[in-house]
$ cat start-v5.csv   # CSV, C-alpha atoms and all ligand atoms
chain,number,residue,atom,x,y,z
A,1,MET,CA,-196.4,-153.8,114.6
A,2,SER,CA,-194.8,-155.6,111.7
A,3,VAL,CA,-191.2,-155.1,111.0
A,4,LEU,CA,-190.5,-152.4,108.4
A,5,ILE,CA,-188.5,-153.5,105.4
A,6,GLY,CA,-185.8,-151.3,103.8
A,7,LEU,CA,-183.6,-151.9,100.8
A,8,VAL,CA,-180.1,-150.5,100.7
A,9,TRP,CA,-177.9,-150.6,97.6
A,10,ALA,CA,-175.3,-148.8,95.5
A,11,GLU,CA,-175.8,-148.3,91.8
A,12,ALA,CA,-173.7,-147.1,88.9
A,13,ASP,CA,-175.0,-145.6,85.7
A,14,GLY,CA,-177.8,-147.6,84.2
A,15,GLY,CA,-178.6,-149.2,87.6
A,16,VAL,CA,-175.6,-151.6,87.6
A,17,ILE,CA,-175.2,-153.1,91.0
A,18,GLY,CA,-172.9,-156.1,90.3
A,19,ALA,CA,-170.6,-157.9,87.9
A,20,ASP,CA,-169.1,-161.4,88.1
A,21,GLY,CA,-170.4,-161.9,91.6
A,22,GLY,CA,-168.9,-158.7,93.0
A,23,MET,CA,-169.2,-154.9,92.8
A,24,PRO,CA,-167.1,-153.3,90.1
A,25,TRP,CA,-166.0,-150.3,92.2
A,26,HIS,CA,-164.6,-149.5,95.6
A,27,VAL,CA,-166.1,-146.6,97.4
A,28,PRO,CA,-165.2,-146.7,101.1
A,29,GLU,CA,-167.6,-143.9,102.0
A,30,ASP,CA,-170.4,-146.1,100.7
A,31,LEU,CA,-169.3,-149.0,102.8
A,32,ALA,CA,-169.4,-146.7,105.8
A,33,HIS,CA,-172.8,-145.5,104.9
A,34,PHE,CA,-174.1,-149.1,104.4
A,35,LYS,CA,-172.8,-149.9,107.9
A,36,ALA,CA,-174.4,-146.8,109.5
A,37,VAL,CA,-177.8,-147.7,107.9
A,38,THR,CA,-177.8,-151.4,108.8
A,39,ILE,CA,-176.0,-151.6,112.1
A,40,GLY,CA,-178.0,-153.2,114.9
A,41,ALA,CA,-180.7,-154.4,112.5
A,42,PRO,CA,-181.2,-157.7,110.9
A,43,VAL,CA,-179.9,-158.0,107.3
A,44,ILE,CA,-181.5,-160.3,104.7
A,45,MET,CA,-179.5,-161.3,101.6
A,46,GLY,CA,-179.5,-163.8,98.8
A,47,ARG,CA,-177.1,-166.6,99.0
A,48,ARG,CA,-175.0,-165.2,96.2
A,49,THR,CA,-174.6,-161.9,98.0
A,50,TRP,CA,-173.4,-163.8,101.1
A,51,GLU,CA,-170.8,-165.6,98.9
A,52,SER,CA,-169.7,-162.2,97.5
A,53,LEU,CA,-168.8,-160.9,101.0
A,54,PRO,CA,-165.1,-161.2,101.8
A,55,GLU,CA,-164.7,-164.0,104.4
A,56,ARG,CA,-163.3,-161.5,107.0
A,57,PHE,CA,-166.5,-159.5,106.8
A,58,ARG,CA,-169.0,-162.3,107.2
A,59,PRO,CA,-171.2,-162.5,109.1
A,60,LEU,CA,-171.7,-158.8,109.0
A,61,SER,CA,-170.9,-157.7,112.5
A,62,ASP,CA,-173.5,-156.5,115.0
A,63,ARG,CA,-176.3,-157.5,112.7
A,64,ARG,CA,-178.4,-160.7,112.5
A,65,ASN,CA,-177.4,-162.2,109.1
A,66,ILE,CA,-180.3,-164.0,107.3
A,67,VAL,CA,-179.4,-165.8,104.0
A,68,VAL,CA,-182.2,-166.8,101.6
A,69,THR,CA,-181.5,-170.0,99.7
A,70,ARG,CA,-183.5,-172.9,98.3
A,71,ASN,CA,-180.7,-175.3,99.4
A,72,GLU,CA,-182.0,-176.9,102.6
A,73,ASP,CA,-178.4,-178.0,103.4
A,74,TRP,CA,-176.9,-174.6,103.3
A,75,ALA,CA,-175.2,-173.5,106.5
A,76,ALA,CA,-172.5,-171.0,107.4
A,77,ALA,CA,-171.2,-169.9,110.8
A,78,GLY,CA,-172.8,-166.8,112.0
A,79,ALA,CA,-175.7,-166.9,109.6
A,80,GLU,CA,-179.3,-168.1,109.7
A,81,SER,CA,-180.9,-169.4,106.6
A,82,ALA,CA,-184.4,-169.1,105.2
A,83,ARG,CA,-186.0,-171.0,102.3
A,84,SER,CA,-187.9,-167.9,101.0
A,85,LEU,CA,-188.2,-164.2,101.4
A,86,ASP,CA,-191.4,-164.6,103.4
A,87,SER,CA,-189.6,-167.0,105.8
A,88,ALA,CA,-186.7,-164.6,106.2
A,89,ILE,CA,-189.1,-161.8,107.1
A,90,ALA,CA,-191.0,-164.0,109.5
A,91,LEU,CA,-187.7,-164.8,111.3
A,92,VAL,CA,-187.2,-161.1,112.1
A,93,ASP,CA,-190.8,-160.0,112.5
A,94,ASP,CA,-190.7,-159.7,116.3
A,95,SER,CA,-190.8,-156.8,118.8
A,96,SER,CA,-187.0,-156.7,119.0
A,97,THR,CA,-186.5,-154.6,115.9
A,98,ASP,CA,-188.4,-151.9,113.9
A,99,TRP,CA,-186.4,-152.3,110.7
A,100,ALA,CA,-184.9,-155.1,108.7
A,101,TRP,CA,-182.7,-154.4,105.7
A,102,VAL,CA,-182.6,-156.3,102.4
A,103,ILE,CA,-179.0,-155.9,101.3
A,104,GLY,CA,-179.0,-157.7,97.9
A,105,GLY,CA,-178.5,-158.8,95.5
A,106,GLY,CA,-180.5,-158.3,92.3
A,107,ALA,CA,-182.8,-161.3,92.8
A,108,LEU,CA,-183.6,-160.3,96.4
A,109,PHE,CA,-184.1,-156.7,95.6
A,110,ALA,CA,-186.5,-157.5,92.8
A,111,GLU,CA,-188.5,-159.8,95.1
A,112,SER,CA,-188.6,-157.6,98.1
A,113,ILE,CA,-189.2,-154.1,96.8
A,114,GLU,CA,-192.9,-154.5,96.9
A,115,ARG,CA,-192.6,-155.2,100.6
A,116,ALA,CA,-190.4,-152.2,101.3
A,117,THR,CA,-191.2,-148.9,103.0
A,118,ARG,CA,-187.9,-147.2,102.3
A,119,LEU,CA,-185.0,-147.3,99.9
A,120,GLU,CA,-181.5,-146.1,100.7
A,121,VAL,CA,-179.7,-145.8,97.4
A,122,THR,CA,-176.1,-144.7,96.8
A,123,GLU,CA,-175.9,-143.2,93.3
A,124,LEU,CA,-172.4,-143.5,91.9
A,125,ASP,CA,-171.5,-141.3,89.0
A,126,VAL,CA,-169.5,-144.0,87.2
A,127,SER,CA,-170.0,-146.3,84.2
A,128,ALA,CA,-169.4,-149.9,84.9
A,129,ALA,CA,-170.2,-153.0,82.9
A,130,GLY,CA,-172.4,-155.3,84.9
A,131,ASP,CA,-174.7,-158.3,85.0
A,132,THR,CA,-176.9,-157.5,88.0
A,133,PHE,CA,-179.2,-154.5,88.2
A,134,ALA,CA,-181.1,-152.5,90.8
A,135,PRO,CA,-184.9,-152.7,90.8
A,136,SER,CA,-187.0,-150.0,89.2
A,137,ARG,CA,-187.8,-147.0,91.4
A,138,ALA,CA,-191.0,-146.3,89.5
A,139,GLY,CA,-193.6,-145.4,92.1
A,140,TRP,CA,-191.0,-144.1,94.5
A,141,HIS,CA,-189.8,-140.6,95.1
A,142,PRO,CA,-186.8,-139.1,96.8
A,143,THR,CA,-187.4,-137.6,100.3
A,144,ALA,CA,-183.8,-136.7,101.1
A,145,ALA,CA,-180.5,-136.5,99.3
A,146,ASP,CA,-177.0,-136.0,100.7
A,147,PRO,CA,-175.7,-133.7,99.4
A,148,SER,CA,-179.0,-132.0,98.5
A,149,VAL,CA,-177.4,-130.7,95.3
A,150,GLY,CA,-174.5,-132.1,93.4
A,151,TRP,CA,-172.2,-134.8,94.6
A,152,HIS,CA,-169.7,-135.9,97.2
A,153,VAL,CA,-166.3,-137.0,95.8
A,154,SER,CA,-164.9,-140.3,97.2
A,155,SER,CA,-161.3,-140.6,98.2
A,156,ARG,CA,-161.2,-143.0,95.2
A,157,GLY,CA,-162.3,-140.1,92.9
A,158,ILE,CA,-165.8,-141.4,92.2
A,159,ARG,CA,-168.7,-138.9,92.6
A,160,TYR,CA,-171.5,-140.2,94.7
A,161,ARG,CA,-174.7,-139.2,96.6
A,162,PHE,CA,-177.0,-140.8,99.1
A,163,VAL,CA,-180.7,-140.8,98.2
A,164,THR,CA,-183.6,-141.8,100.5
A,165,CYS,CA,-186.8,-142.8,98.7
A,166,GLU,CA,-190.3,-143.4,99.9
A,167,ARG,CA,-193.4,-144.5,98.1
A,168,GLY,CA,-195.6,-142.2,96.0
A,169,ASN,CA,-195.2,-139.6,93.4
A,170,ARG,CA,-193.7,-136.3,94.2
A,171,GLU,CA,-196.7,-134.6,92.6
A,172,ASN,CA,-199.0,-136.3,95.1
A,173,THR,CA,-197.0,-135.3,98.2
A,174,ASP,CA,-195.9,-131.7,97.4
A,175,GLY,CA,-199.0,-129.9,97.9
B,1,LIG,N1,-174.3,-152.7,94.6
B,1,LIG,C1,-174.9,-153.3,95.7
B,1,LIG,O1,-175.4,-152.5,96.5
B,1,LIG,C2,-175.0,-154.8,95.9
B,1,LIG,C3,-175.6,-155.3,97.0
B,1,LIG,C4,-175.6,-156.7,97.1
B,1,LIG,C5,-175.2,-157.5,96.1
B,1,LIG,N2,-174.6,-156.9,95.0
B,1,LIG,C6,-174.1,-157.7,93.9
B,1,LIG,O2,-175.3,-158.5,93.4
B,1,LIG,C7,-174.8,-159.7,92.8
B,1,LIG,C8,-175.5,-160.9,93.4
B,1,LIG,O3,-176.9,-160.7,93.1
B,1,LIG,P1,-177.8,-161.9,92.5
B,1,LIG,O4,-179.0,-161.4,91.9
B,1,LIG,O5,-176.9,-162.7,91.5
B,1,LIG,O6,-178.0,-162.9,93.7
B,1,LIG,P2,-178.6,-162.7,95.1
B,1,LIG,O7,-179.9,-162.0,95.0
B,1,LIG,O8,-177.6,-162.2,96.1
B,1,LIG,O9,-178.9,-164.3,95.5
B,1,LIG,C9,-179.6,-165.1,94.7
B,1,LIG,C10,-179.8,-166.4,95.4
B,1,LIG,O10,-180.7,-166.2,96.5
B,1,LIG,C11,-181.5,-167.4,96.7
B,1,LIG,N3,-182.9,-166.9,96.4
B,1,LIG,C12,-183.4,-165.9,95.7
B,1,LIG,N4,-184.7,-165.8,95.7
B,1,LIG,C13,-185.1,-166.8,96.5
B,1,LIG,C14,-186.4,-167.3,96.9
B,1,LIG,N5,-187.5,-166.7,96.6
B,1,LIG,N6,-186.4,-168.4,97.7
B,1,LIG,C15,-185.3,-169.0,98.0
B,1,LIG,N7,-184.1,-168.6,97.7
B,1,LIG,C16,-184.0,-167.6,96.9
B,1,LIG,C17,-181.1,-168.4,95.6
B,1,LIG,O11,-180.0,-169.1,96.3
B,1,LIG,P3,-179.7,-170.6,96.0
B,1,LIG,O12,-179.1,-170.6,94.6
B,1,LIG,O13,-178.7,-171.0,97.0
B,1,LIG,O14,-181.0,-171.4,96.1
B,1,LIG,C18,-180.5,-167.5,94.6
B,1,LIG,O15,-179.6,-168.2,93.7
B,1,LIG,C19,-173.3,-159.7,93.1
B,1,LIG,O16,-172.6,-159.2,92.0
B,1,LIG,C20,-173.1,-158.8,94.3
B,1,LIG,O17,-171.8,-158.2,94.4
B,1,LIG,C21,-174.6,-155.6,94.9

$ encode --input "start-v5.csv" --output "structure tokens" --more "lines below"
Ligand SMILES: NC(=O)c1ccc[n+]([C@@H]2O[C@H](COP(=O)([O-])OP(=O)(O)OC[C@H]3O[C@@H](n4cnc5c(N)ncnc54)[C@H](OP(=O)(O)O)[C@@H]3O)[C@@H](O)[C@H]2O)c1
Amino acid sequence: MSVLIGLVWAEADGGVIGADGGMPWHVPEDLAHFKAVTIGAPVIMGRRTWESLPERFRPLSDRRNIVVTRNEDWAAAGAESARSLDSAIALVDDSSTDWAWVIGGGALFAESIERATRLEVTELDVSAAGDTFAPSRAGWHPTAADPSVGWHVSSRGIRYRFVTCERGNRENTDG
């Protein structure tokens, strides 16, 4: 069986996921969620997202880190590199794992969503100016939300919720 591809991201109002090479918010509960979703599985990211990770957090622990770049000379301790999304997926498409997670950023999400089986989206109830955006979720529908109604409130004061999406229209699956 082929590896299943999931995408995991956090977005603010308007689908903002990044600004100036970073994320313009700090929600520790989302970082814990990200770790819980991805731990033990390979993670695939664009080179800019790798650069955005604080050095002390990279490579992401207990996960195979695959960085997509067109630069043949790119190398970093603890990471593997791939010249394309297809090459990255081929690297992890073996029997050792069921899932691989694309973890950003905007370019990689846009390229990989057509390959994905599941989206794990953290919706943040915050306005933030940004230059990088989440892909469209048209053609996807939520299958789970935590909380099911309303929001959690972060220790940092930002309201947030975790939404799982799968393919299809709600109308087609409800009955
Ligand atoms: N909110 C979230 O959940 C979240 C998650 C992750 C990242 N982010 C944010 O997103 C932003 C970064 O996203 P981004 O869109 O600027 O960059 P990105 O997707 O992280 O990386 C883009 C780079 O990946 C490589 N690449 C992309 N497509 C490729 C392909 N088909 N073949 C070969 N290489 C390819 C290229 O690297 P080279 O230039 O080296 O060739 C390209 O410059 C940051 O602000 C980051 O903080 C947010």

$ residues_near_ligand --input "start-v5.csv" --ligand "ligand LIG 1 (chain B)" --cutoff "7 Å" --atoms "all atoms listed in the file" --output "PyMOL selection string"
chain A and resi 8-11+17-23+45-50+52+68-71+83-85+103-109+132

$ residues_near_point --input "start-v5.csv" --point "(-176.5, -144.4, 93.0)" --cutoff "9 Å" --atoms "only C-alpha atoms" --output "list in words"
Trp9, Ala10, Glu11, Ala12, Asp13, Gly15, Val121, Thr122, Glu123, Leu124, Asp125, Tyr160, Arg161, Phe162 and Val163 of chain A

$ atom_distance --input "start-v5.csv" --atom1 "CA of Gly78 (chain A)" --atom2 "CA of Glu120 (chain A)"
25.1 Å

$ residues_around --input "start-v5.csv" --residues "Thr143 (chain A)" --least-positions-apart "5" --cutoff "9 Å" --atoms "all atoms listed in the file" --output "number ranges by chain"
A: 163-166, 170

$ atom_distance --input "start-v5.csv" --atom1 "CA of Leu7 (chain A)" --atom2 "CA of Pro28 (chain A)"
19.1 Å

$ closest_residue --input "start-v5.csv" --among "A:Glu51, A:Ser95, A:Gly6, A:Pro24" --to "Ala129 (chain A)" --atoms "only C-alpha atoms"
A:Pro24

$ closest_residue --input "start-v5.csv" --among "A:Val27, A:Asp98, A:Ala75, A:Ser112" --to "Pro135 (chain A)" --atoms "all atoms listed in the file"
A:Ser112

$ closest_residue --input "start-v5.csv" --among "A:Val149, A:Ala90, A:Ala144, A:Leu31" --to "Val3 (chain A)" --atoms "only C-alpha atoms"
A:Ala90

$ closest_residue --input "start-v5.csv" --among "A:Ile89, A:Ala100, A:Gly130, A:Asp94" --to "Gly40 (chain A)" --atoms "all atoms listed in the file"
A:Ala100

$ closest_residue --input "start-v5.csv" --among "A:Thr38, A:Ser87, A:Ser127, A:Ser136" --to "Asp62 (chain A)" --atoms "all atoms listed in the file"
A:Thr38

$ closest_residue --input "start-v5.csv" --among "A:Ile66, A:Val37, A:Val16, A:Ala138" --to "Trp99 (chain A)" --atoms "only C-alpha atoms"
A:Val37

$ residues_around --input "start-v5.csv" --residues "Ala76 (chain A)" --least-positions-apart "4" --cutoff "9 Å" --atoms "all atoms listed in the file" --output "PyMOL selection string"
chain A and resi 59+80-81

$ residues_near_point --input "start-v5.csv" --point "(-197.4, -145.4, 94.8)" --cutoff "8 Å" --atoms "only C-alpha atoms" --output "JSON, numbers by chain"
{"A": [139, 140, 167, 168, 169]}

$ atom_distance --input "start-v5.csv" --atom1 "CA of Leu4 (chain A)" --atom2 "CA of Thr117 (chain A)"
6.5 Å

$ residues_around --input "start-v5.csv" --residues "Leu60 (chain A)" --least-positions-apart "4" --cutoff "9 Å" --atoms "all atoms listed in the file" --output "short mmCIF file (atom, residue, chain, number, x, y, z; two decimals) with C-alpha atoms, keeping the file's coordinate frame"
data_model
loop_
_atom_site.label_atom_id
_atom_site.label_comp_id
_atom_site.auth_asym_id
_atom_site.auth_seq_id
_atom_site.Cartn_x
_atom_site.Cartn_y
_atom_site.Cartn_z
CA ILE A 39 -176.00 -151.60 112.10
CA VAL A 43 -179.90 -158.00 107.30
CA LEU A 53 -168.80 -160.90 101.00
CA ARG A 64 -178.40 -160.70 112.50
CA ASN A 65 -177.40 -162.20 109.10
CA GLY A 78 -172.80 -166.80 112.00
#

$ decode --input "start-v5.csv" --residues "region 67-86 of chain A" --atoms "N, CA and C atoms" --output "mmCIF file, in the first residue's frame"
data_model
loop_
_atom_site.group_PDB
_atom_site.id
_atom_site.type_symbol
_atom_site.label_atom_id
_atom_site.label_comp_id
_atom_site.auth_asym_id
_atom_site.auth_seq_id
_atom_site.Cartn_x
_atom_site.Cartn_y
_atom_site.Cartn_z
ATOM 1 N N VAL A 67 13.518 17.533 3.303
ATOM 2 C CA VAL A 67 13.443 18.923 2.868
ATOM 3 C C VAL A 67 13.483 18.964 1.343
ATOM 4 N N VAL A 68 12.481 19.635 0.763
ATOM 5 C CA VAL A 68 12.383 19.745 -0.693
ATOM 6 C C VAL A 68 13.059 21.045 -1.125
ATOM 7 N N THR A 69 13.999 20.919 -2.043
ATOM 8 C CA THR A 69 14.736 22.073 -2.558
ATOM 9 C C THR A 69 15.222 21.762 -3.959
ATOM 10 N N ARG A 70 15.341 22.810 -4.765
ATOM 11 C CA ARG A 70 15.910 22.611 -6.104
ATOM 12 C C ARG A 70 17.429 22.701 -6.071
ATOM 13 N N ASN A 71 17.960 23.059 -4.938
ATOM 14 C CA ASN A 71 19.410 23.240 -4.789
ATOM 15 C C ASN A 71 20.077 21.884 -4.526
ATOM 16 N N GLU A 72 20.807 21.399 -5.506
ATOM 17 C CA GLU A 72 21.440 20.082 -5.373
ATOM 18 C C GLU A 72 22.486 20.052 -4.274
ATOM 19 N N ASP A 73 23.008 21.204 -3.913
ATOM 20 C CA ASP A 73 24.073 21.253 -2.907
ATOM 21 C C ASP A 73 23.536 21.419 -1.499
ATOM 22 N N TRP A 74 22.210 21.529 -1.369
ATOM 23 C CA TRP A 74 21.653 21.778 -0.042
ATOM 24 C C TRP A 74 21.899 20.581 0.872
ATOM 25 N N ALA A 75 22.329 20.846 2.078
ATOM 26 C CA ALA A 75 22.528 19.778 3.060
ATOM 27 C C ALA A 75 22.398 20.374 4.447
ATOM 28 N N ALA A 76 21.858 19.593 5.369
ATOM 29 C CA ALA A 76 21.775 20.018 6.766
ATOM 30 C C ALA A 76 21.796 18.765 7.627
ATOM 31 N N ALA A 77 22.475 18.873 8.742
ATOM 32 C CA ALA A 77 22.577 17.719 9.637
ATOM 33 C C ALA A 77 21.192 17.290 10.089
ATOM 34 N N GLY A 78 20.919 16.011 9.967
ATOM 35 C CA GLY A 78 19.660 15.481 10.463
ATOM 36 C C GLY A 78 18.525 15.519 9.468
ATOM 37 N N ALA A 79 18.787 16.064 8.282
ATOM 38 C CA ALA A 79 17.731 16.143 7.263
ATOM 39 C C ALA A 79 18.171 15.428 5.997
ATOM 40 N N GLU A 80 17.184 14.882 5.290
ATOM 41 C CA GLU A 80 17.410 14.373 3.940
ATOM 42 C C GLU A 80 16.845 15.412 2.990
ATOM 43 N N SER A 81 17.379 15.460 1.792
ATOM 44 C CA SER A 81 16.828 16.413 0.830
ATOM 45 C C SER A 81 16.284 15.679 -0.381
ATOM 46 N N ALA A 82 15.321 16.335 -1.037
ATOM 47 C CA ALA A 82 14.697 15.787 -2.242
ATOM 48 C C ALA A 82 14.535 16.925 -3.228
ATOM 49 N N ARG A 83 14.663 16.621 -4.525
ATOM 50 C CA ARG A 83 14.613 17.663 -5.554
ATOM 51 C C ARG A 83 13.198 18.017 -5.960
ATOM 52 N N SER A 84 12.224 17.235 -5.536
ATOM 53 C CA SER A 84 10.826 17.494 -5.911
ATOM 54 C C SER A 84 9.921 16.843 -4.867
ATOM 55 N N LEU A 85 8.647 17.236 -4.913
ATOM 56 C CA LEU A 85 7.672 16.602 -4.017
ATOM 57 C C LEU A 85 7.586 15.103 -4.300
ATOM 58 N N ASP A 86 7.538 14.743 -5.572
ATOM 59 C CA ASP A 86 7.464 13.322 -5.928
ATOM 60 C C ASP A 86 8.658 12.557 -5.354
#
